[in-house]
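Asks: Sharing a structure, written as structure tokens. Questions coming.
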2 protein chains.
Amino acid sequence: MGIKINVERTSAPKEKPEISQLGFGKFFTDHMFIMDYDSGEGWHHPRIVPYQQILMDPAAKVFHYGQTVFEGMKAYKTPDGRILMFRPYKNLQRLNRSNTRLSIPSLDEGLVMEALKQLIKVDEDWIPSELGTSLYIRPFVIATQATLGVSPSEKYHFMIILSPVGSYYEEGINPVSIYVESEYVRAVTGGVGNAKTGGNYAAGLKAQQEATEKGYSQVLWLDGVHRKYIEEVGSMNVFFKIGNKVVTPALNGSILEGVTRDSVIRVLRHWNIEVEEKTISIDELVAAYRSGTLEEAFGTGTAAVISPIGELNWQGDKLSLNGGRTGPLASKVYDFLTGVQRGTVEDPFGWIEKV
Amino acid sequence: MGIKINVERTSAPKEKPEISQLGFGKFFTDHMFIMDYDSGEGWHHPRIVPYQQILMDPAAKVFHYGQTVFEGMKAYKTPDGRILMFRPYKNLQRLNRSNTRLSIPSLDEGLVMEALKQLIKVDEDWIPSELGTSLYIRPFVIATQATLGVSPSEKYHFMIILSPVGSYYEEGINPVSIYVESEYVRAVTGGVGNAKTGGNYAAGLKAQQEATEKGYSQVLWLDGVHRKYIEEVGSMNVFFKIGNKVVTPALNGSILEGVTRDSVIRVLRHWNIEVEEKTISIDELVAAYRSGTLEEAFGTGTAAVISPIGELNWQGDKLSLNGGRTGPLASKVYDFLTGVQRGTVEDPFGWIEKV
């Protein structure tokens with residue numbers, strides 16, 4: 001591509017973890033990508049270096065004012081040794097939308113794509129190939145200027161780190177139990193709910209912690225204005241199969257525009273299944289359950305791909321979905337998407353990017 | 001106090017900045033306090049060390065999920081050389097309330113107070129004594145565990161850094177112009193608006209940036225549900241003098257419980273001025289302006305203490321307050337509070353803590 005990325009290879013490669021130990025985001029590969037920004041030079045000095053701790057001034061704005069954005073993507077190794085990425089440009093476009101919302105200077109998507117590919121090649125041996133595993137890719141920006149005035153930073157790091165992962169949930173692709181949250185709110189229209197920024201996740205920790213204490217994996221978020229419209233599940237988008245139709249909350253400015261969400265919608269329509277993006281209230285959902293038409297529910301996101309919901313707790317009422325088992329539609333979408341991602345199912349959409 | 005805080009003094013003291021260069025949060029003293037947390041040992045290893053960069057793993061949760069809280073306080077040097085702090089326990093209590101909201105383990109307030117005093121004494125020579133200057137104190141917590149699952153961190157740093165400061169605004173205590181924000185939202189009830197956490201400030205950057213481009217210093221935030229009730233101004237609480245009464249938005253869960261806010265309310269009541277904490281709409285405020293009863297408006301916060309508002313821009317209408325000059329009440333409150341803080345005015349409330 002003509003972009004010069006300096007590569008410094010490690011002289012002390014780490015021991016790779018056993019597949020059974022992987023979990024999610026616990027181990028990191030031997031190298032990372034880093035690039036700097038200051039208001040004079042713009043983004044500069046792109047480089048691949050050994051994975052290492054970075055030096056930060058205690059006054060760096062990211063520590064105080066949360067000026068940070070990130071993305072999540074995956075790379076897969078096929079049985080015949082190719083390396084595949086899934087719709088990476090969608091993620092890089094969203095990264096820049098998040099940057100704009102957080103007053104962070106835009107990144108050159110071509111350069112970031114090139115950096116991604118070079119970094120993945122350097123750490124190719126770290127990509128696991130077993131079913132259910134992948135290389136999780138975490139690009140992120142942090143504000144590094146060391147001043148305490150509340151204003152956009154004049155200095156940043158953009159980094160990419162890589163983590164070989166197994167399933168996001170300890171349950172694997174088995175159904176999770178979800179607590180419908182009625183006290184805490186994740187985001188509101190006019191806020192930063194549609195940007196992939198740290199504060200959204202920090203805002204959700206307490207609700208998640210309380211749900212965990214009650215025996216639930218995640219919460220189902222309701223909107224912050226009326227406290228009745230469904231937004232997301234944990235840090236995933238959410239889908240419901242009601243009768244012959246699939247519904248998912250419409251993009252309203254406070255929910256994340258998920259790449260997996262978009263992919264699921266397109267796959268379902270490709271199969272001639274009706275999908276409606278609409279405002280859906282918890283009352284409407286419970287009514288569908290009571291009438292027997294709420295057949296399945298599942299979350300979608302890069303980390304878990306498809307996460308079937310086996311139970312919803314709404315104000316103490318436990319709604320068991322599809323008998324607490326993974327539903328046929330969730331299974332079918334999961335098999336198709338992960339098949340495309342792993343190169344074992346034909347990709348009719350042109351979503352796969354070879355590294 | 002019986003708490004052992006190890007002190008390592010710098011061997012290379014920095015040159016101190018000229019008073020005229022100070023600004024806000026641009027220079028830091030020679031030392032800092034740091035203490036670690038992990039889920040096995042709890043908070044441990046409290047120490048004062050030379051101010052220095054810290055090593056952070058790129059996967060540290062603070063970079064990705066914004067799990068961080070902070071406080072802002074000030075210390076003053078009196079003409080006779082005493083060092084005074086203003087209501088520090090209020091800030092430490094709020095720090096722990098923020099910790100609870102962000103799923104961060106509580107800090108021992110007695111230990112933190114002791115650390116604060118020892119650190120300030122070590123860097124005593126850095127406290128400026130000129131009128132309008134002070135030593136700004138920034139305690140903060142950052143999540144340091146290097147894993148990418150979205151869950152509360154099992155490791156943290158608690159740090160205190162110190163910065164000699166002049167005025168927060170370049171305008172000094174002169175009135176600022178404020179843009180009433182109708183597109184972006186800072187926080188909503190059920191969210192983290194009442195916690196002092198990075199995400200709230202990150203969420204405000206874009207609105208502030210756009211206001212600056214229009215020639216305004218800060219924005220006036222309206223509530224996220226009805227988009228009409230006044231919440232805060234920039235990162236300060238806000239007061240309005242309407243006729244013979246002073247009104248300020250009631251604590252509703254989405255605005256910060258400011259220590260200066262509480263102090264202003266108590267000072268005004270001490271002076272037998274009626275103060276009402278209530279829900280106040282922008283329409284009500286504009287109506288008071290039109291009828292000639294909106295006499296003054298000012299923001300309150302630790303950094304600026306009192307920040308008079310000279311103009312409000314509401315949907316293009318420019319409302320000039322007190323002829324664009326600092327009002328008599330704002331002046332009186334500013335003189336009293338800064339006098340108490342600097343030890344030149346008697347403290348009838350027992351707010352001053354000697355270091």
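By order of appearance in the structure tokens: chains A, B, ..., then residues from 1 within every chain, and ligands from 1 in the order shown.
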Based on only C-alpha atoms, which of the residues in chain B come within 7 Å of chain A? I want them as a CSV table (one decimal) with C-alpha atoms, in the first residue's frame.
Replies:
```
chain,number,residue,atom,x,y,z
B,24,PHE,CA,-5.3,25.3,35.1
B,25,GLY,CA,-3.8,21.8,35.5
B,26,LYS,CA,-0.8,22.3,33.2
B,52,GLN,CA,6.6,10.1,37.2
B,53,GLN,CA,5.0,8.3,34.3
B,54,ILE,CA,3.4,5.0,35.2
B,55,LEU,CA,3.6,1.7,33.3
B,56,MET,CA,0.2,0.5,32.0
B,57,ASP,CA,-0.7,-2.6,30.1
B,58,PRO,CA,-2.4,-1.7,26.8
B,63,PHE,CA,-8.4,2.3,28.5
B,64,HIS,CA,-11.3,0.3,27.1
B,65,TYR,CA,-14.2,0.5,29.6
B,66,GLY,CA,-13.7,3.8,31.2
B,67,GLN,CA,-13.7,2.5,34.8
B,68,THR,CA,-12.4,5.5,36.6
B,70,PHE,CA,-11.9,11.3,40.4
B,101,ARG,CA,-21.6,3.6,41.4
B,102,LEU,CA,-18.6,2.5,39.2
B,103,SER,CA,-18.2,-0.9,41.0
B,142,ILE,CA,-8.1,3.8,37.4
B,147,THR,CA,-8.3,-8.3,30.5
B,148,LEU,CA,-10.9,-7.4,27.9
B,149,GLY,CA,-14.1,-9.0,29.4
B,151,SER,CA,-16.7,-6.7,34.1
B,152,PRO,CA,-15.4,-4.7,37.1
B,183,GLU,CA,-28.9,18.5,20.8
B,184,TYR,CA,-26.5,16.7,23.0
B,185,VAL,CA,-27.2,15.3,26.5
B,186,ARG,CA,-24.7,14.9,29.3
B,188,VAL,CA,-29.8,10.9,32.5
B,190,GLY,CA,-30.4,6.0,36.2
B,191,GLY,CA,-27.0,6.7,34.6
B,192,VAL,CA,-23.8,7.9,36.1
B,198,GLY,CA,-14.6,10.1,33.1
B,199,GLY,CA,-17.5,9.1,30.9
B,201,TYR,CA,-16.8,14.4,30.8
B,202,ALA,CA,-16.1,12.5,27.6
B,203,ALA,CA,-19.8,12.8,26.8
B,205,LEU,CA,-16.6,17.2,24.9
B,206,LYS,CA,-18.4,17.4,21.5
B,224,GLY,CA,-32.1,14.0,28.8
B,225,VAL,CA,-35.7,12.9,29.3
```
Asks: Please extract the residues of range 37-149 of chain A with a backbone DSSP assignment of alpha helix (DSSP H) and present them as number ranges by chain.
Replies: A: 61-65, 88-101, 109-122
Asks: Please, which residues of range 151-302 of chain A, numbered as in this document, come out strand (DSSP E) from DSSP, as a PDB file with C-alpha atoms, in the first residue's frame?
Replies:
```
ATOM      1  CA  LYS A 155      -2.300  14.100  21.977  1.00  0.00           C
ATOM      2  CA  TYR A 156      -3.416  10.484  21.470  1.00  0.00           C
ATOM      3  CA  HIS A 157      -2.197   6.915  21.013  1.00  0.00           C
ATOM      4  CA  PHE A 158      -3.946   4.637  18.540  1.00  0.00           C
ATOM      5  CA  MET A 159      -3.142   1.007  19.274  1.00  0.00           C
ATOM      6  CA  ILE A 160      -4.110  -2.478  18.110  1.00  0.00           C
ATOM      7  CA  ILE A 161      -3.712  -5.472  20.384  1.00  0.00           C
ATOM      8  CA  LEU A 162      -4.581  -9.092  19.566  1.00  0.00           C
ATOM      9  CA  SER A 163      -5.938 -11.827  21.803  1.00  0.00           C
ATOM     10  CA  PRO A 164      -6.518 -15.498  20.941  1.00  0.00           C
ATOM     11  CA  VAL A 165      -9.987 -16.266  22.323  1.00  0.00           C
ATOM     12  CA  VAL A 176     -27.841 -17.206  29.016  1.00  0.00           C
ATOM     13  CA  SER A 177     -30.251 -15.820  31.594  1.00  0.00           C
ATOM     14  CA  ILE A 178     -30.955 -12.103  31.371  1.00  0.00           C
ATOM     15  CA  TYR A 179     -32.266  -9.664  33.965  1.00  0.00           C
ATOM     16  CA  VAL A 180     -34.453  -6.857  32.609  1.00  0.00           C
ATOM     17  CA  GLN A 218     -26.304  -9.834  31.643  1.00  0.00           C
ATOM     18  CA  VAL A 219     -29.016  -7.200  31.765  1.00  0.00           C
ATOM     19  CA  LEU A 220     -31.537  -6.175  29.142  1.00  0.00           C
ATOM     20  CA  TRP A 221     -31.391  -2.381  28.929  1.00  0.00           C
ATOM     21  CA  LEU A 222     -34.515  -0.262  28.593  1.00  0.00           C
ATOM     22  CA  ILE A 230     -35.843  -2.294  24.680  1.00  0.00           C
ATOM     23  CA  GLU A 231     -32.354  -1.132  23.704  1.00  0.00           C
ATOM     24  CA  GLU A 232     -29.554  -3.705  24.083  1.00  0.00           C
ATOM     25  CA  VAL A 233     -28.642  -6.803  26.035  1.00  0.00           C
ATOM     26  CA  ASN A 237     -27.766  -5.871  20.161  1.00  0.00           C
ATOM     27  CA  VAL A 238     -30.863  -8.006  20.659  1.00  0.00           C
ATOM     28  CA  PHE A 239     -33.303  -9.875  18.389  1.00  0.00           C
ATOM     29  CA  PHE A 240     -36.678 -11.495  19.109  1.00  0.00           C
ATOM     30  CA  LYS A 241     -38.531 -14.042  17.015  1.00  0.00           C
ATOM     31  CA  ILE A 242     -42.229 -13.322  17.447  1.00  0.00           C
ATOM     32  CA  LYS A 245     -41.277 -12.309  12.150  1.00  0.00           C
ATOM     33  CA  VAL A 246     -37.964 -11.238  13.705  1.00  0.00           C
ATOM     34  CA  VAL A 247     -37.869  -7.843  15.432  1.00  0.00           C
ATOM     35  CA  THR A 248     -34.929  -5.831  16.698  1.00  0.00           C
ATOM     36  CA  PRO A 249     -34.806  -2.338  18.227  1.00  0.00           C
ATOM     37  CA  GLU A 274     -39.202 -10.905   7.656  1.00  0.00           C
ATOM     38  CA  VAL A 275     -37.142  -8.604   9.897  1.00  0.00           C
ATOM     39  CA  GLU A 276     -38.561  -5.454  11.402  1.00  0.00           C
ATOM     40  CA  GLU A 277     -36.386  -2.732  12.968  1.00  0.00           C
ATOM     41  CA  LYS A 278     -38.797  -0.987  15.301  1.00  0.00           C
ATOM     42  CA  LEU A 294     -42.338 -15.092  21.560  1.00  0.00           C
ATOM     43  CA  GLU A 295     -40.401 -18.077  20.295  1.00  0.00           C
ATOM     44  CA  GLU A 296     -36.754 -17.048  20.570  1.00  0.00           C
ATOM     45  CA  ALA A 297     -34.472 -14.240  21.704  1.00  0.00           C
ATOM     46  CA  PHE A 298     -30.751 -13.783  21.135  1.00  0.00           C
ATOM     47  CA  GLY A 299     -28.021 -11.196  21.462  1.00  0.00           C
ATOM     48  CA  THR A 300     -25.579 -10.380  18.663  1.00  0.00           C
ATOM     49  CA  GLY A 301     -22.050  -9.012  18.864  1.00  0.00           C
TER      50      GLY A 301
END
```
Asks: Would you mind reading off the distance between CA of Leu107 in chain B and CA of Asp36 in chain B, one decimal, in Å?
Replies: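 Taking CA of Leu107 in chain B and CA of Asp36 in chain B, their separation equals 10.9 Å.
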Asks: Taking only C-alpha atoms into account, which of A:Val49, A:Leu111, A:Leu92, A:Ile19 comes nearest Gly72 in chain A?
Replies: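 With only C-alpha atoms as the atom set, the closest residue is A:Leu92.
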Asks: Find the residues around range 337-349 of chain A up to 9 Å (only C-alpha atoms counted), leave out those fewer than 6 positions away in its own chain, and share them as a list of chain:residue names.
Replies: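 Selected residues are A:Lys74, A:Ala75, A:Tyr76, A:Lys77, A:Thr78, A:Pro79, A:Arg82, A:Ile83, A:Leu84, A:Met85, A:Phe86, A:Ser129, A:Leu131, A:Gly132, A:Ser134, A:Thr260, A:Ser263, A:Val264, A:Arg266, A:Val267, A:Val305, A:Ile306.
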Asks: Would you output that residue set with N, CA and C atoms, as a tab-separated table (two decimals), in the first residue's frame?
Replies:
```
chain	number	residue	atom	x	y	z
A	74	LYS	N	-12.66	-9.81	14.63
A	74	LYS	CA	-12.03	-11.13	14.76
A	74	LYS	C	-11.37	-11.57	13.46
A	75	ALA	N	-10.30	-12.34	13.61
A	75	ALA	CA	-9.70	-13.02	12.46
A	75	ALA	C	-9.75	-14.53	12.73
A	76	TYR	N	-9.93	-15.30	11.63
A	76	TYR	CA	-10.07	-16.75	11.73
A	76	TYR	C	-9.04	-17.43	10.84
A	77	LYS	N	-8.58	-18.58	11.26
A	77	LYS	CA	-7.70	-19.38	10.40
A	77	LYS	C	-8.51	-20.54	9.84
A	78	THR	N	-8.49	-20.69	8.50
A	78	THR	CA	-9.26	-21.76	7.86
A	78	THR	C	-8.47	-23.07	7.92
A	79	PRO	N	-9.20	-24.19	7.72
A	79	PRO	CA	-8.51	-25.49	7.72
A	79	PRO	C	-7.33	-25.53	6.75
A	82	ARG	N	-5.68	-20.32	5.38
A	82	ARG	CA	-5.90	-18.90	5.05
A	82	ARG	C	-6.33	-18.15	6.32
A	83	ILE	N	-6.09	-16.83	6.31
A	83	ILE	CA	-6.55	-16.00	7.44
A	83	ILE	C	-7.64	-15.08	6.92
A	84	LEU	N	-8.79	-15.12	7.59
A	84	LEU	CA	-9.95	-14.35	7.13
A	84	LEU	C	-10.41	-13.35	8.20
A	85	MET	N	-10.79	-12.16	7.71
A	85	MET	CA	-11.44	-11.20	8.60
A	85	MET	C	-12.87	-11.00	8.11
A	86	PHE	N	-13.74	-10.56	9.04
A	86	PHE	CA	-15.16	-10.42	8.75
A	86	PHE	C	-15.54	-8.94	8.73
A	129	SER	N	-7.11	-22.31	15.57
A	129	SER	CA	-7.96	-22.75	14.46
A	129	SER	C	-9.09	-23.68	14.90
A	131	LEU	N	-12.56	-25.10	16.39
A	131	LEU	CA	-13.92	-24.59	16.32
A	131	LEU	C	-14.23	-23.78	17.58
A	132	GLY	N	-14.83	-22.60	17.40
A	132	GLY	CA	-15.19	-21.77	18.55
A	132	GLY	C	-14.09	-20.81	18.96
A	134	SER	N	-10.87	-17.97	17.88
A	134	SER	CA	-10.52	-16.98	16.86
A	134	SER	C	-9.47	-16.04	17.45
A	260	THR	N	-22.49	-7.12	13.67
A	260	THR	CA	-23.16	-8.41	13.69
A	260	THR	C	-24.67	-8.21	13.54
A	263	SER	N	-25.35	-7.74	10.00
A	263	SER	CA	-25.14	-9.00	9.28
A	263	SER	C	-26.32	-9.95	9.49
A	264	VAL	N	-26.82	-10.03	10.72
A	264	VAL	CA	-27.95	-10.92	11.02
A	264	VAL	C	-29.19	-10.47	10.24
A	266	ARG	N	-29.28	-8.91	7.45
A	266	ARG	CA	-29.12	-9.21	6.03
A	266	ARG	C	-29.22	-10.71	5.76
A	267	VAL	N	-28.70	-11.53	6.64
A	267	VAL	CA	-28.79	-12.98	6.47
A	267	VAL	C	-30.25	-13.43	6.54
A	305	VAL	N	-20.80	-13.49	18.90
A	305	VAL	CA	-21.48	-13.72	17.62
A	305	VAL	C	-23.00	-13.79	17.86
A	306	ILE	N	-23.50	-14.95	18.31
A	306	ILE	CA	-24.91	-15.10	18.66
A	306	ILE	C	-24.97	-15.65	20.07
```
Asks: Given only C-alpha atoms as the basis, pick out the residue of A:Leu251, A:Pro328, A:Glu18, A:Pro175 nearest to Glu311 in chain A.
Replies: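 Selected residue with least distance to Glu311 in chain A: A:Pro175.
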Asks: Which polymer residues have any atom within 12 Å of an atom of Val112 in chain B, counting only C-alpha atoms, with same-chain residues fewer than 4 positions away left out, as a ChimeraX atom specification?
Replies: /B:1,3-5,33-35,43,46-48,71,88-89,91-93,95-96,106-108,116-119,138-140,158-160
Asks: Could you turn the residues from that selection into a file that holds C-alpha atoms, as an mmCIF file, in the first residue's frame?
Replies:
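Final output, saved to part07.cif:
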```
data_model
loop_
_atom_site.group_PDB
_atom_site.id
_atom_site.type_symbol
_atom_site.label_atom_id
_atom_site.label_comp_id
_atom_site.auth_asym_id
_atom_site.auth_seq_id
_atom_site.Cartn_x
_atom_site.Cartn_y
_atom_site.Cartn_z
ATOM 1 C CA MET B 1 -2.508 8.365 62.487
ATOM 2 C CA ILE B 3 -0.724 4.621 58.912
ATOM 3 C CA LYS B 4 2.648 3.976 57.357
ATOM 4 C CA ILE B 5 3.113 5.822 54.086
ATOM 5 C CA PHE B 33 0.799 9.492 45.962
ATOM 6 C CA ILE B 34 0.016 6.021 44.678
ATOM 7 C CA MET B 35 -1.627 2.944 46.202
ATOM 8 C CA TRP B 43 -5.815 -1.609 48.915
ATOM 9 C CA PRO B 46 0.500 3.387 49.976
ATOM 10 C CA ARG B 47 3.502 5.490 48.986
ATOM 11 C CA ILE B 48 4.671 8.956 48.029
ATOM 12 C CA GLU B 71 -12.159 14.231 42.738
ATOM 13 C CA PRO B 88 -11.944 17.803 52.112
ATOM 14 C CA TYR B 89 -14.063 15.143 53.834
ATOM 15 C CA ASN B 91 -14.940 15.262 48.588
ATOM 16 C CA LEU B 92 -13.657 12.001 50.019
ATOM 17 C CA GLN B 93 -17.203 10.898 50.843
ATOM 18 C CA LEU B 95 -15.215 9.811 45.971
ATOM 19 C CA ASN B 96 -16.509 6.703 47.707
ATOM 20 C CA SER B 106 -14.122 1.743 48.609
ATOM 21 C CA LEU B 107 -11.147 3.680 49.917
ATOM 22 C CA ASP B 108 -10.362 4.274 53.598
ATOM 23 C CA LEU B 116 -3.279 14.066 51.132
ATOM 24 C CA LYS B 117 -1.766 15.936 54.067
ATOM 25 C CA GLN B 118 1.597 14.194 53.827
ATOM 26 C CA LEU B 119 1.814 14.747 50.072
ATOM 27 C CA ARG B 138 -6.602 15.554 41.922
ATOM 28 C CA PRO B 139 -7.267 12.179 43.588
ATOM 29 C CA PHE B 140 -8.325 9.487 41.087
ATOM 30 C CA PHE B 158 -5.463 5.127 43.435
ATOM 31 C CA MET B 159 -3.337 8.210 42.884
ATOM 32 C CA ILE B 160 -3.138 11.830 43.994
#
```
